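Here is query21.cif, consisting of mmCIF, C-alpha atoms:
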```
data_coords
loop_
_atom_site.label_atom_id
_atom_site.label_comp_id
_atom_site.auth_asym_id
_atom_site.auth_seq_id
_atom_site.Cartn_x
_atom_site.Cartn_y
_atom_site.Cartn_z
CA MET U 20 122.34 336.93 257.03
CA ILE U 21 120.94 333.53 257.96
CA LYS U 22 117.48 335.07 258.46
CA ILE U 23 117.66 336.67 255.02
CA LYS U 24 118.54 333.31 253.45
CA VAL U 25 115.60 331.67 255.27
CA TYR U 26 113.21 334.35 254.01
CA VAL U 27 114.51 334.02 250.47
CA PHE U 28 114.24 330.22 250.61
CA THR U 29 110.70 330.42 252.01
CA ALA U 30 109.69 332.91 249.30
CA LEU U 31 111.14 330.59 246.67
CA LEU U 32 109.14 327.65 248.01
CA ILE U 33 105.96 329.69 247.93
CA CYS U 34 106.62 330.74 244.34
CA LEU U 35 107.39 327.17 243.28
CA SER U 36 104.26 325.93 245.06
CA GLY U 37 102.18 328.44 243.13
CA TYR U 38 103.88 327.49 239.90
CA PHE U 39 103.29 323.77 240.29
CA SER U 40 99.69 324.36 241.36
CA SER U 41 99.21 326.46 238.24
CA VAL U 42 100.76 323.80 236.03
CA GLN U 43 98.60 321.12 237.62
CA GLY U 44 95.50 323.23 237.05
CA GLN U 45 96.46 323.68 233.41
CA GLU U 46 96.79 319.92 233.00
CA THR U 47 93.41 319.00 234.49
CA GLY U 48 91.38 322.07 233.62
CA TYR U 49 87.81 322.59 234.79
CA VAL U 50 84.30 321.31 234.14
CA MET U 51 81.14 323.39 233.76
CA THR U 52 78.32 321.88 235.84
CA VAL U 53 74.69 323.00 236.03
CA LYS U 54 75.68 324.85 239.22
CA GLY U 55 78.80 326.43 237.75
CA LYS U 56 82.48 325.78 237.20
CA ILE U 57 84.48 323.23 239.24
CA ASP U 58 88.08 322.02 238.92
CA ALA U 59 88.27 318.78 236.96
CA ASP U 60 90.10 317.29 239.96
CA GLU U 61 86.87 317.75 241.93
CA MET U 62 84.88 315.47 239.61
CA GLY U 63 85.82 312.35 241.54
CA LYS U 64 84.15 309.08 240.61
CA THR U 65 82.06 309.79 237.51
CA LEU U 66 79.26 308.32 235.40
CA ILE U 67 79.97 309.76 231.96
CA HIS U 68 76.77 308.99 230.00
CA GLU U 69 73.45 308.83 231.81
CA HIS U 70 70.03 310.46 231.47
CA ILE U 71 67.53 311.95 233.90
CA VAL U 72 64.36 312.60 231.88
CA THR U 73 64.14 312.02 228.12
CA ASN U 74 61.17 312.51 225.77
CA PHE U 75 61.55 310.10 222.86
CA GLU U 76 58.48 311.58 221.19
CA GLY U 77 60.48 314.74 220.70
CA THR U 78 59.55 318.33 221.44
CA LYS U 79 59.56 321.69 219.67
CA ASN U 80 61.30 323.16 222.71
CA PRO U 81 65.09 322.56 222.86
CA ASN U 82 64.97 322.80 226.67
CA GLN U 83 61.67 321.30 227.75
CA THR U 84 60.26 322.24 231.14
CA PHE U 85 58.61 319.33 232.90
CA GLU U 86 55.08 320.15 234.04
CA ASP U 87 55.15 318.05 237.19
CA GLN U 88 58.70 318.77 238.31
CA GLU U 89 57.95 317.80 241.92
CA ARG U 90 56.85 314.32 240.85
CA ALA U 91 60.03 313.90 238.77
CA ILE U 92 62.17 314.99 241.72
CA ASN U 93 60.42 312.62 244.13
CA LEU U 94 60.93 309.73 241.71
CA ILE U 95 64.53 310.35 240.65
CA LEU U 96 66.20 311.99 243.66
CA PRO U 97 66.47 308.78 245.75
CA HIS U 98 68.41 307.13 242.91
CA LEU U 99 70.84 310.03 242.68
CA LYS U 100 71.34 310.01 246.44
CA TYR U 101 72.01 306.29 246.28
CA ILE U 102 74.74 306.56 243.64
CA ARG U 103 76.17 309.42 245.68
CA SER U 104 76.38 306.95 248.58
CA LEU U 105 78.27 304.58 246.24
CA GLY U 106 80.97 307.22 245.94
CA TYR U 107 79.99 308.88 242.66
CA GLU U 108 80.43 312.64 242.67
CA THR U 109 79.65 313.59 239.06
CA LEU U 110 77.12 312.57 236.40
CA PHE U 111 77.15 313.68 232.76
CA GLU U 112 73.55 314.02 231.58
CA CYS U 113 73.42 313.30 227.86
CA THR U 114 69.83 314.10 226.92
CA PRO U 115 70.14 316.32 223.82
CA SER U 116 68.16 319.38 222.79
CA TYR U 117 64.67 318.64 221.41
CA ILE U 118 64.48 315.29 223.25
CA GLY U 119 63.36 316.57 226.62
CA LYS U 120 66.53 318.19 227.98
CA ASN U 121 65.48 320.07 231.13
CA VAL U 122 68.35 321.97 232.70
CA GLU U 123 66.29 323.56 235.47
CA LEU U 124 65.32 320.09 236.69
CA LEU U 125 68.96 318.98 236.50
CA GLN U 126 70.06 321.96 238.56
CA LYS U 127 67.45 321.28 241.24
CA LEU U 128 68.39 317.61 241.43
CA SER U 129 72.06 318.54 241.67
CA GLU U 130 71.34 320.87 244.59
CA LEU U 131 69.25 318.26 246.43
CA SER U 132 71.51 315.26 245.80
CA GLY U 133 74.96 316.85 246.19
CA LEU U 134 75.90 315.30 242.84
CA ASN U 135 77.71 317.37 240.20
CA ILE U 136 75.56 317.20 237.05
CA VAL U 137 76.83 318.34 233.64
CA THR U 138 74.51 319.14 230.73
CA ASN U 139 75.24 319.71 227.04
CA THR U 140 74.70 321.70 223.87
CA GLY U 141 74.46 320.46 220.27
CA PHE U 142 72.00 318.69 217.95
CA TYR U 143 71.08 315.03 217.50
CA ALA U 144 70.78 313.70 213.93
CA ALA U 145 70.43 309.97 214.75
CA VAL U 146 67.07 308.15 214.47
CA ASP U 147 66.48 309.41 210.89
CA LYS U 148 66.91 313.04 212.02
CA LYS U 149 63.63 312.90 213.92
CA TYR U 150 64.90 315.35 216.56
CA LEU U 151 66.53 317.98 214.33
CA PRO U 152 65.12 321.53 214.15
CA GLU U 153 64.50 323.01 210.69
CA ILE U 154 67.35 325.50 211.08
CA VAL U 155 69.91 322.71 210.62
CA TYR U 156 68.85 322.29 206.98
CA ASN U 157 68.98 326.00 206.17
CA GLU U 158 72.04 327.34 208.00
CA ALA U 159 75.80 326.79 207.72
CA ALA U 160 77.94 324.98 210.30
CA GLN U 161 79.38 328.28 211.51
CA THR U 162 75.88 329.59 212.28
CA LEU U 163 75.01 326.48 214.26
CA ALA U 164 78.27 326.75 216.19
CA SER U 165 77.47 330.39 216.95
CA MET U 166 74.04 329.39 218.33
CA TRP U 167 75.64 326.82 220.61
CA TYR U 168 78.31 329.29 221.63
CA GLU U 169 75.58 331.62 222.92
CA GLU U 170 74.45 328.79 225.20
CA TRP U 171 78.04 328.36 226.38
CA LYS U 172 78.44 332.08 226.98
CA ASP U 173 75.04 333.07 228.38
CA GLY U 174 73.30 329.84 229.36
CA ILE U 175 70.64 327.57 227.87
CA ALA U 176 67.37 329.40 227.07
CA ASP U 177 66.91 331.96 229.86
CA SER U 178 68.13 329.64 232.62
CA GLY U 179 71.69 330.96 232.92
CA ILE U 180 72.76 327.30 233.13
CA ARG U 181 75.75 326.58 230.89
CA PRO U 182 76.64 323.34 229.08
CA GLY U 183 79.83 321.44 229.88
CA PHE U 184 80.19 319.37 226.69
CA ILE U 185 78.88 319.05 223.13
CA LYS U 186 76.42 316.20 222.47
CA LEU U 187 75.82 315.19 218.85
CA GLY U 188 74.10 312.19 217.30
CA VAL U 189 74.69 310.48 213.94
CA GLY U 190 73.52 307.23 212.37
CA LYS U 191 75.34 304.38 210.67
CA GLY U 192 77.83 304.53 207.81
CA GLU U 193 79.59 307.50 206.26
CA LEU U 194 78.44 310.86 207.58
CA ASP U 195 75.88 312.40 205.23
CA THR U 196 75.71 316.12 204.43
CA ILE U 197 73.64 317.07 207.49
CA GLU U 198 75.70 314.91 209.85
CA GLN U 199 78.88 316.44 208.48
CA LYS U 200 77.42 319.90 209.08
CA ILE U 201 76.64 319.34 212.75
CA PHE U 202 79.97 317.57 213.26
CA LYS U 203 81.82 320.53 211.72
CA ALA U 204 79.80 322.88 213.94
CA GLY U 205 80.83 320.80 216.94
CA MET U 206 84.50 321.03 215.98
CA ILE U 207 84.25 324.82 215.54
CA LEU U 208 82.67 325.17 218.98
CA SER U 209 85.11 322.75 220.63
CA LYS U 210 88.11 324.67 219.30
CA LYS U 211 86.62 327.93 220.56
CA THR U 212 85.53 326.77 224.03
CA GLY U 213 87.56 323.67 224.87
CA MET U 214 84.44 321.53 225.31
CA THR U 215 84.67 317.88 224.31
CA ILE U 216 82.41 316.41 221.61
CA ALA U 217 80.50 313.23 222.52
CA VAL U 218 78.92 311.70 219.42
CA HIS U 219 76.18 309.07 219.57
CA THR U 220 77.45 306.83 216.76
CA GLY U 221 75.64 304.08 214.86
CA ASP U 222 78.58 301.87 213.88
CA GLY U 223 82.28 301.58 213.19
CA ASN U 224 82.03 303.04 209.68
CA SER U 225 80.53 306.20 211.16
CA ILE U 226 83.37 306.76 213.64
CA LYS U 227 85.91 306.21 210.83
CA SER U 228 84.14 308.91 208.84
CA GLN U 229 84.22 311.23 211.86
CA ALA U 230 87.92 310.58 212.40
CA ARG U 231 88.74 311.41 208.76
CA LEU U 232 86.74 314.64 208.89
CA ALA U 233 88.38 315.58 212.18
CA GLU U 234 91.87 314.97 210.77
CA GLU U 235 91.05 317.00 207.64
CA ASN U 236 90.08 319.90 209.92
CA ASP U 237 93.12 319.55 212.19
CA PHE U 238 90.88 318.68 215.13
CA ASP U 239 92.36 317.19 218.31
CA LEU U 240 91.04 313.61 218.39
CA GLN U 241 91.47 313.54 222.17
CA LYS U 242 88.48 315.91 222.32
CA LEU U 243 86.25 313.34 220.59
CA ILE U 244 84.27 310.60 222.35
CA TRP U 245 82.95 307.64 220.39
CA VAL U 246 79.62 307.16 222.18
CA HIS U 247 78.23 303.62 221.89
CA ALA U 248 81.55 302.17 220.80
CA GLN U 249 80.01 298.79 221.64
CA ASN U 250 78.35 299.13 218.20
CA GLY U 251 81.72 298.63 216.54
CA ASN U 252 84.10 295.67 216.61
CA ASP U 253 87.31 295.10 218.57
CA GLN U 254 89.57 296.07 215.67
CA GLU U 255 87.70 299.36 215.16
CA ARG U 256 87.82 300.15 218.88
CA MET U 257 91.55 299.52 219.08
CA SER U 258 92.25 301.54 215.94
CA MET U 259 90.25 304.56 217.16
CA ALA U 260 91.74 304.39 220.67
CA GLU U 261 95.25 304.35 219.22
CA LYS U 262 94.39 307.56 217.35
CA GLY U 263 93.48 309.16 220.68
CA ILE U 264 89.67 308.97 220.43
CA TRP U 265 87.86 308.06 223.66
CA ILE U 266 86.17 304.66 223.52
CA SER U 267 82.88 304.87 225.43
CA LEU U 268 81.07 301.59 226.08
CA ASP U 269 77.60 302.81 226.96
CA GLY U 270 74.69 300.62 227.94
CA VAL U 271 76.33 298.37 230.55
CA SER U 272 73.53 296.12 231.76
CA GLU U 273 72.81 292.96 233.69
CA THR U 274 71.53 291.28 230.53
CA ARG U 275 74.68 292.01 228.46
CA MET U 276 77.29 291.77 231.19
CA ASP U 277 79.45 289.06 229.62
CA GLU U 278 79.58 290.96 226.33
CA TYR U 279 80.84 294.14 228.00
CA ILE U 280 83.37 292.31 230.15
CA LYS U 281 84.83 290.67 227.05
CA MET U 282 85.24 294.06 225.34
CA ILE U 283 86.86 295.58 228.43
CA VAL U 284 89.28 292.69 228.83
CA ILE U 285 90.38 292.98 225.20
CA ILE U 286 90.98 296.71 225.65
CA ARG U 287 93.14 295.90 228.69
CA GLU U 288 95.07 293.30 226.70
CA HIS U 289 95.94 296.03 224.17
CA SER U 290 97.06 298.38 226.99
CA LEU U 291 94.36 300.91 226.08
CA LEU U 292 92.43 301.22 229.35
CA SER U 293 93.62 304.84 229.43
CA ARG U 294 91.19 305.56 226.53
CA LEU U 295 88.17 303.74 228.00
CA LEU U 296 84.94 305.23 229.38
CA LEU U 297 81.94 303.27 230.74
CA SER U 298 78.30 304.06 231.46
CA HIS U 299 74.83 302.54 231.84
CA ASP U 300 73.05 304.99 229.48
CA ASP U 301 70.14 304.73 231.95
CA GLY U 302 67.35 307.12 232.82
CA TRP U 303 63.60 307.73 232.61
CA GLY U 304 61.46 308.28 229.52
CA VAL U 305 58.37 310.49 229.32
CA GLU U 306 55.32 308.42 228.39
CA PHE U 307 51.57 308.94 228.29
CA ASP U 308 49.51 306.27 230.07
CA ASN U 309 45.74 306.67 229.53
CA GLY U 310 46.28 310.36 228.89
CA GLU U 311 48.42 310.81 232.02
CA LEU U 312 52.07 311.83 231.87
CA VAL U 313 54.30 309.22 233.52
CA LEU U 314 58.02 308.55 233.83
CA LYS U 315 59.29 305.03 233.21
CA PRO U 316 62.84 303.61 233.35
CA PHE U 317 64.46 303.09 229.96
CA GLY U 318 64.46 299.33 230.32
CA ASN U 319 68.00 298.94 229.01
CA GLY U 320 68.48 295.65 230.82
CA ASN U 321 68.91 296.99 234.36
CA LYS U 322 66.27 296.51 237.06
CA ILE U 323 67.26 299.80 238.70
CA PRO U 324 69.01 302.70 236.89
CA TYR U 325 72.64 303.65 237.57
CA ARG U 326 73.65 300.74 239.86
CA THR U 327 74.86 297.83 237.74
CA ILE U 328 78.40 299.09 237.18
CA SER U 329 79.14 299.38 240.90
CA GLU U 330 77.12 296.43 242.13
CA VAL U 331 77.93 293.90 239.38
CA LEU U 332 80.49 294.96 236.76
CA ILE U 333 83.30 296.21 239.01
CA LYS U 334 83.09 293.09 241.19
CA LYS U 335 83.42 290.89 238.12
CA LEU U 336 86.36 292.94 236.86
CA ASN U 337 88.07 292.61 240.26
CA ALA U 338 87.61 288.84 240.03
CA LEU U 339 89.41 288.96 236.66
CA GLY U 340 92.42 290.69 238.20
CA PHE U 341 91.59 294.33 237.51
CA THR U 342 93.36 296.42 240.13
CA GLN U 343 91.91 299.35 242.05
CA LYS U 344 94.28 301.60 240.11
CA GLN U 345 92.79 300.38 236.83
CA ILE U 346 89.23 300.85 238.11
CA ASP U 347 90.07 304.37 239.29
CA MET U 348 91.59 305.10 235.89
CA ILE U 349 88.31 304.24 234.17
CA PHE U 350 85.97 306.07 236.54
CA ILE U 351 88.09 308.93 237.93
CA GLU U 352 91.15 309.71 235.81
CA ASN U 353 89.76 309.10 232.32
CA PRO U 354 86.57 311.19 232.76
CA LYS U 355 88.44 314.26 233.95
CA LYS U 356 90.92 313.94 231.07
CA ALA U 357 88.14 313.38 228.57
CA PHE U 358 85.93 316.27 229.69
CA GLY U 359 88.35 318.72 231.33
CA ILE U 360 88.30 322.15 229.67
CA LEU U 361 91.73 323.74 229.36
CA ASN U 362 90.79 326.96 227.48
#
```

Any chance you could give the structure as structure tokens?
Amino acid sequence: MIKIKVYVFTALLICLSGYFSSVQGQETGYVMTVKGKIDADEMGKTLIHEHIVTNFEGTKNPNQTFEDQERAINLILPHLKYIRSLGYETLFECTPSYIGKNVELLQKLSELSGLNIVTNTGFYAAVDKKYLPEIVYNEAAQTLASMWYEEWKDGIADSGIRPGFIKLGVGKGELDTIEQKIFKAGMILSKKTGMTIAVHTGDGNSIKSQARLAEENDFDLQKLIWVHAQNGNDQERMSMAEKGIWISLDGVSETRMDEYIKMIVIIREHSLLSRLLLSHDDGWGVEFDNGELVLKPFGNGNKIPYRTISEVLIKKLNALGFTQKQIDMIFIENPKKAFGILN
């Protein structure tokens, strides 16, 4: 009789263990990397908005192959290995379609560096719509969403590599007709797949316009990231964070360090660190030097890409009384909540 009770108790524990593991998995979800699906809990310390190679001249190819891939790997790989040594395990690569996105290169660098890299789908209407394909003007939001869904389902181009989030870009002020169209397409896709929308945003008026459109379409604001929230003011950042929108301060640099620290401190004072994301927005741009293709760092105010947050910012935040728990919230907990896919 005692043995039977022990067996029953053991079986119950096993069932409960499975149940709680299942519940935990449902809460954190998963992330789609260029090498495949991982649990969101495996993301670890994360840089949420960086670039590898970007072509600011634009390209007719939504997923541009880089002619001298070996040279790009030799240049960039040491930097990825270095941030891996700093404890980072995941990097979200935000180069959009038609601006030099190269998922095969990202996959190779992920394999060589041991870093989880996540790419994206979507269209970029900022910079006077310089990088938009003609189809955006002629097709409905549902059609655009269906195109992006094919990338989610089957992979980008013929690579088999799937996106892990939706990257859009809009300018300043109220969303115009085209910006509304790609934003609506993003919401359709997000509802269908569970992917988060990260929107390059020109100013505070633009994010207010996005928030209104999202609310009109019953869209979960916790699946929306205000990229470049440093372009707004403190009141706008607090208001959007209180709605549930992720506040992403992108472009942390040595030259603007005091400005970013001030914004972060104010967010802490309003008890909204749980809605904060941080990044360098660093990477390399494709340029032509005397007819030769070269890669040059963005020049966003950092001497070396990807390092300033760990080597400067976090130390300054610690000196201001930020605890390790708060730092981990920003770089570990918030990214997995922001990007975790629950569908």

I need the residue set behind the PyMOL selection byres ((chain U and resi 307-319) around 12) for this file; please write it as a VMD selection string. chain U and resid 69 to 76 85 to 88 90 to 95 98 269 to 276 298 to 306 320 to 325 327

Distance criterion (all atoms listed in the file): nearest to U:His68 out of U:Leu99, U:Lys227, U:Arg181, U:Leu296: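 For U:His68, the nearest of the given residues is U:Leu296.
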
Residues around (86.6, 294.8, 230.5), cut-off 10 Å, counting only C-alpha atoms - what are they as a VMD selection string? chain U and resid 268 276 to 288 292 295 297 332 to 333 335 to 336 339 341

Write to file, as a PDB file, keeping the file's coordinate frame, the residues of the selection just made, with C-alpha atoms.
```
ATOM      1  CA  LEU U 268      81.070 301.590 226.080  1.00  0.00           C
ATOM      2  CA  MET U 276      77.290 291.770 231.190  1.00  0.00           C
ATOM      3  CA  ASP U 277      79.450 289.060 229.620  1.00  0.00           C
ATOM      4  CA  GLU U 278      79.580 290.960 226.330  1.00  0.00           C
ATOM      5  CA  TYR U 279      80.840 294.140 228.000  1.00  0.00           C
ATOM      6  CA  ILE U 280      83.370 292.310 230.150  1.00  0.00           C
ATOM      7  CA  LYS U 281      84.830 290.670 227.050  1.00  0.00           C
ATOM      8  CA  MET U 282      85.240 294.060 225.340  1.00  0.00           C
ATOM      9  CA  ILE U 283      86.860 295.580 228.430  1.00  0.00           C
ATOM     10  CA  VAL U 284      89.280 292.690 228.830  1.00  0.00           C
ATOM     11  CA  ILE U 285      90.380 292.980 225.200  1.00  0.00           C
ATOM     12  CA  ILE U 286      90.980 296.710 225.650  1.00  0.00           C
ATOM     13  CA  ARG U 287      93.140 295.900 228.690  1.00  0.00           C
ATOM     14  CA  GLU U 288      95.070 293.300 226.700  1.00  0.00           C
ATOM     15  CA  LEU U 292      92.430 301.220 229.350  1.00  0.00           C
ATOM     16  CA  LEU U 295      88.170 303.740 228.000  1.00  0.00           C
ATOM     17  CA  LEU U 297      81.940 303.270 230.740  1.00  0.00           C
ATOM     18  CA  LEU U 332      80.490 294.960 236.760  1.00  0.00           C
ATOM     19  CA  ILE U 333      83.300 296.210 239.010  1.00  0.00           C
ATOM     20  CA  LYS U 335      83.420 290.890 238.120  1.00  0.00           C
ATOM     21  CA  LEU U 336      86.360 292.940 236.860  1.00  0.00           C
ATOM     22  CA  LEU U 339      89.410 288.960 236.660  1.00  0.00           C
ATOM     23  CA  PHE U 341      91.590 294.330 237.510  1.00  0.00           C
TER      24      PHE U 341
END
```

What does the PyMOL selection byres ((chain U and resi 151-154) around 12) select in this file, as a PDB file with C-alpha atoms, in the coordinates of the input?
```
ATOM      1  CA  GLY U  77      60.480 314.740 220.700  1.00  0.00           C
ATOM      2  CA  THR U  78      59.550 318.330 221.440  1.00  0.00           C
ATOM      3  CA  LYS U  79      59.560 321.690 219.670  1.00  0.00           C
ATOM      4  CA  ASN U  80      61.300 323.160 222.710  1.00  0.00           C
ATOM      5  CA  PRO U  81      65.090 322.560 222.860  1.00  0.00           C
ATOM      6  CA  PRO U 115      70.140 316.320 223.820  1.00  0.00           C
ATOM      7  CA  SER U 116      68.160 319.380 222.790  1.00  0.00           C
ATOM      8  CA  TYR U 117      64.670 318.640 221.410  1.00  0.00           C
ATOM      9  CA  ILE U 118      64.480 315.290 223.250  1.00  0.00           C
ATOM     10  CA  GLY U 141      74.460 320.460 220.270  1.00  0.00           C
ATOM     11  CA  PHE U 142      72.000 318.690 217.950  1.00  0.00           C
ATOM     12  CA  TYR U 143      71.080 315.030 217.500  1.00  0.00           C
ATOM     13  CA  ALA U 144      70.780 313.700 213.930  1.00  0.00           C
ATOM     14  CA  ALA U 145      70.430 309.970 214.750  1.00  0.00           C
ATOM     15  CA  VAL U 146      67.070 308.150 214.470  1.00  0.00           C
ATOM     16  CA  ASP U 147      66.480 309.410 210.890  1.00  0.00           C
ATOM     17  CA  LYS U 148      66.910 313.040 212.020  1.00  0.00           C
ATOM     18  CA  LYS U 149      63.630 312.900 213.920  1.00  0.00           C
ATOM     19  CA  TYR U 150      64.900 315.350 216.560  1.00  0.00           C
ATOM     20  CA  VAL U 155      69.910 322.710 210.620  1.00  0.00           C
ATOM     21  CA  TYR U 156      68.850 322.290 206.980  1.00  0.00           C
ATOM     22  CA  ASN U 157      68.980 326.000 206.170  1.00  0.00           C
ATOM     23  CA  GLU U 158      72.040 327.340 208.000  1.00  0.00           C
ATOM     24  CA  ALA U 159      75.800 326.790 207.720  1.00  0.00           C
ATOM     25  CA  ALA U 160      77.940 324.980 210.300  1.00  0.00           C
ATOM     26  CA  THR U 162      75.880 329.590 212.280  1.00  0.00           C
ATOM     27  CA  LEU U 163      75.010 326.480 214.260  1.00  0.00           C
ATOM     28  CA  MET U 166      74.040 329.390 218.330  1.00  0.00           C
ATOM     29  CA  LEU U 187      75.820 315.190 218.850  1.00  0.00           C
ATOM     30  CA  GLY U 188      74.100 312.190 217.300  1.00  0.00           C
ATOM     31  CA  VAL U 189      74.690 310.480 213.940  1.00  0.00           C
ATOM     32  CA  ILE U 197      73.640 317.070 207.490  1.00  0.00           C
ATOM     33  CA  GLU U 198      75.700 314.910 209.850  1.00  0.00           C
ATOM     34  CA  LYS U 200      77.420 319.900 209.080  1.00  0.00           C
ATOM     35  CA  ILE U 201      76.640 319.340 212.750  1.00  0.00           C
TER      36      ILE U 201
END
```

Selection result of the PyMOL selection byres ((chain U and resi 137) around 7) on this file, as a list of chain:residue names: U:Met51, U:Thr52, U:Val53, U:Leu110, U:Phe111, U:Glu112, U:Asn135, U:Ile136, U:Thr138, U:Asn139, U:Pro182, U:Gly183

Give the answer as one residue: which of U:Ala204, U:Trp167, U:Thr212, U:Phe358 has the shortest atom-to-atom distance to U:Leu243, using only C-alpha atoms?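 For U:Leu243, the nearest of the given residues is U:Phe358.
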
Atom CA of U:Pro97 sits from atom CA of U:Ile67 at a separation of 19.3 Å

Expressed in Å to a single decimal, how great is the separation between atom CA of U:Thr215 and atom CA of U:Thr84?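 That distance, rounded to one decimal, is 25.7 Å.
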
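Taking only C-alpha atoms into account, U:Lys120 lies nearest to U:Lys186 out of the set U:Tyr107, U:Lys186, U:Met206, U:Gln345.
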
Extract, using all atoms listed in the file, all DNA, RNA and protein residues at most 9 Å from U:Asp60, discarding same-chain residues fewer than 4 positions from it, and format them as a VMD selection string. chain U and resid 44 47 to 49 351 to 352 355 359

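Restricting the calculation to only C-alpha atoms, the smallest distance between U:Trp171 and any of U:Gly55, U:Gln254, U:Pro354, U:Lys242 is found for U:Gly55.
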
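In this comparison, which uses all atoms listed in the file, the residue of U:Phe350, U:Trp265, U:Phe184, U:Phe202 approaching U:Trp245 most closely is U:Trp265.
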
Using all atoms listed in the file, can you tell me which of U:Ser104, U:Gln241, U:Thr109, U:Ala230 comes closest to U:Asp58?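 Checking each candidate against U:Asp58, we get U:Thr109 as the closest.
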
Within 10 Å of U:Leu240 using all atoms listed in the file, minus same-chain residues under 2 positions, as an MDAnalysis selection string: chainID U and resid 215:216 229:230 233:234 237:238 242:244 259:260 262:265

Only C-alpha atoms, please: the residues just picked out, written as a tab-separated table (two decimals), keeping the file's coordinate frame.
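Generated output (selection-v2.tsv):
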```tsv
chain	number	residue	atom	x	y	z
U	215	THR	CA	84.67	317.88	224.31
U	216	ILE	CA	82.41	316.41	221.61
U	229	GLN	CA	84.22	311.23	211.86
U	230	ALA	CA	87.92	310.58	212.40
U	233	ALA	CA	88.38	315.58	212.18
U	234	GLU	CA	91.87	314.97	210.77
U	237	ASP	CA	93.12	319.55	212.19
U	238	PHE	CA	90.88	318.68	215.13
U	242	LYS	CA	88.48	315.91	222.32
U	243	LEU	CA	86.25	313.34	220.59
U	244	ILE	CA	84.27	310.60	222.35
U	259	MET	CA	90.25	304.56	217.16
U	260	ALA	CA	91.74	304.39	220.67
U	262	LYS	CA	94.39	307.56	217.35
U	263	GLY	CA	93.48	309.16	220.68
U	264	ILE	CA	89.67	308.97	220.43
U	265	TRP	CA	87.86	308.06	223.66
```

Please provide the set of residues having any atom within 8 Å of U:Ser165, restricted to all atoms listed in the file, with same-chain residues fewer than 4 positions apart removed, written as a PyMOL selection string. chain U and resi 161+169+208

Write the residues of the preceding selection, restricted to C-alpha atoms, as an mmCIF file, keeping the file's coordinate frame.
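Once written, result.cif looks like this:
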```
data_model
loop_
_atom_site.group_PDB
_atom_site.id
_atom_site.type_symbol
_atom_site.label_atom_id
_atom_site.label_comp_id
_atom_site.auth_asym_id
_atom_site.auth_seq_id
_atom_site.Cartn_x
_atom_site.Cartn_y
_atom_site.Cartn_z
ATOM 1 C CA GLN U 161 79.380 328.280 211.510
ATOM 2 C CA GLU U 169 75.580 331.620 222.920
ATOM 3 C CA LEU U 208 82.670 325.170 218.980
#
```

Please fill the gaps in stretch 161-170 of chain U so it has N, CA, C and O atoms, and write that as a PDB file, in the frame of the given file.
```pdb
ATOM      1  N   GLN U 161      78.924 327.169 210.688  1.00  0.00           N
ATOM      2  CA  GLN U 161      79.380 328.280 211.510  1.00  0.00           C
ATOM      3  C   GLN U 161      78.220 328.920 212.271  1.00  0.00           C
ATOM      4  O   GLN U 161      78.359 329.307 213.432  1.00  0.00           O
ATOM      5  N   THR U 162      77.063 329.014 211.623  1.00  0.00           N
ATOM      6  CA  THR U 162      75.880 329.590 212.280  1.00  0.00           C
ATOM      7  C   THR U 162      75.413 328.703 213.423  1.00  0.00           C
ATOM      8  O   THR U 162      75.067 329.198 214.514  1.00  0.00           O
ATOM      9  N   LEU U 163      75.404 327.397 213.194  1.00  0.00           N
ATOM     10  CA  LEU U 163      75.010 326.480 214.260  1.00  0.00           C
ATOM     11  C   LEU U 163      75.974 326.577 215.441  1.00  0.00           C
ATOM     12  O   LEU U 163      75.558 326.616 216.594  1.00  0.00           O
ATOM     13  N   ALA U 164      77.262 326.623 215.129  1.00  0.00           N
ATOM     14  CA  ALA U 164      78.270 326.750 216.190  1.00  0.00           C
ATOM     15  C   ALA U 164      78.061 328.039 216.974  1.00  0.00           C
ATOM     16  O   ALA U 164      78.223 328.064 218.199  1.00  0.00           O
ATOM     17  N   SER U 165      77.695 329.107 216.287  1.00  0.00           N
ATOM     18  CA  SER U 165      77.470 330.390 216.950  1.00  0.00           C
ATOM     19  C   SER U 165      76.261 330.316 217.888  1.00  0.00           C
ATOM     20  O   SER U 165      76.277 330.893 218.981  1.00  0.00           O
ATOM     21  N   MET U 166      75.217 329.592 217.469  1.00  0.00           N
ATOM     22  CA  MET U 166      74.040 329.390 218.330  1.00  0.00           C
ATOM     23  C   MET U 166      74.441 328.663 219.608  1.00  0.00           C
ATOM     24  O   MET U 166      74.067 329.049 220.716  1.00  0.00           O
ATOM     25  N   TRP U 167      75.224 327.608 219.438  1.00  0.00           N
ATOM     26  CA  TRP U 167      75.640 326.820 220.610  1.00  0.00           C
ATOM     27  C   TRP U 167      76.596 327.620 221.483  1.00  0.00           C
ATOM     28  O   TRP U 167      76.584 327.472 222.707  1.00  0.00           O
ATOM     29  N   TYR U 168      77.390 328.464 220.851  1.00  0.00           N
ATOM     30  CA  TYR U 168      78.310 329.290 221.630  1.00  0.00           C
ATOM     31  C   TYR U 168      77.542 330.259 222.531  1.00  0.00           C
ATOM     32  O   TYR U 168      77.991 330.547 223.649  1.00  0.00           O
ATOM     33  N   GLU U 169      76.413 330.742 222.081  1.00  0.00           N
ATOM     34  CA  GLU U 169      75.580 331.620 222.920  1.00  0.00           C
ATOM     35  C   GLU U 169      75.126 330.876 224.168  1.00  0.00           C
ATOM     36  O   GLU U 169      75.049 331.463 225.254  1.00  0.00           O
ATOM     37  N   GLU U 170      74.815 329.581 224.020  1.00  0.00           N
ATOM     38  CA  GLU U 170      74.450 328.790 225.200  1.00  0.00           C
ATOM     39  C   GLU U 170      75.640 328.656 226.141  1.00  0.00           C
ATOM     40  O   GLU U 170      75.493 328.709 227.368  1.00  0.00           O
TER      41      GLU U 170
END
```
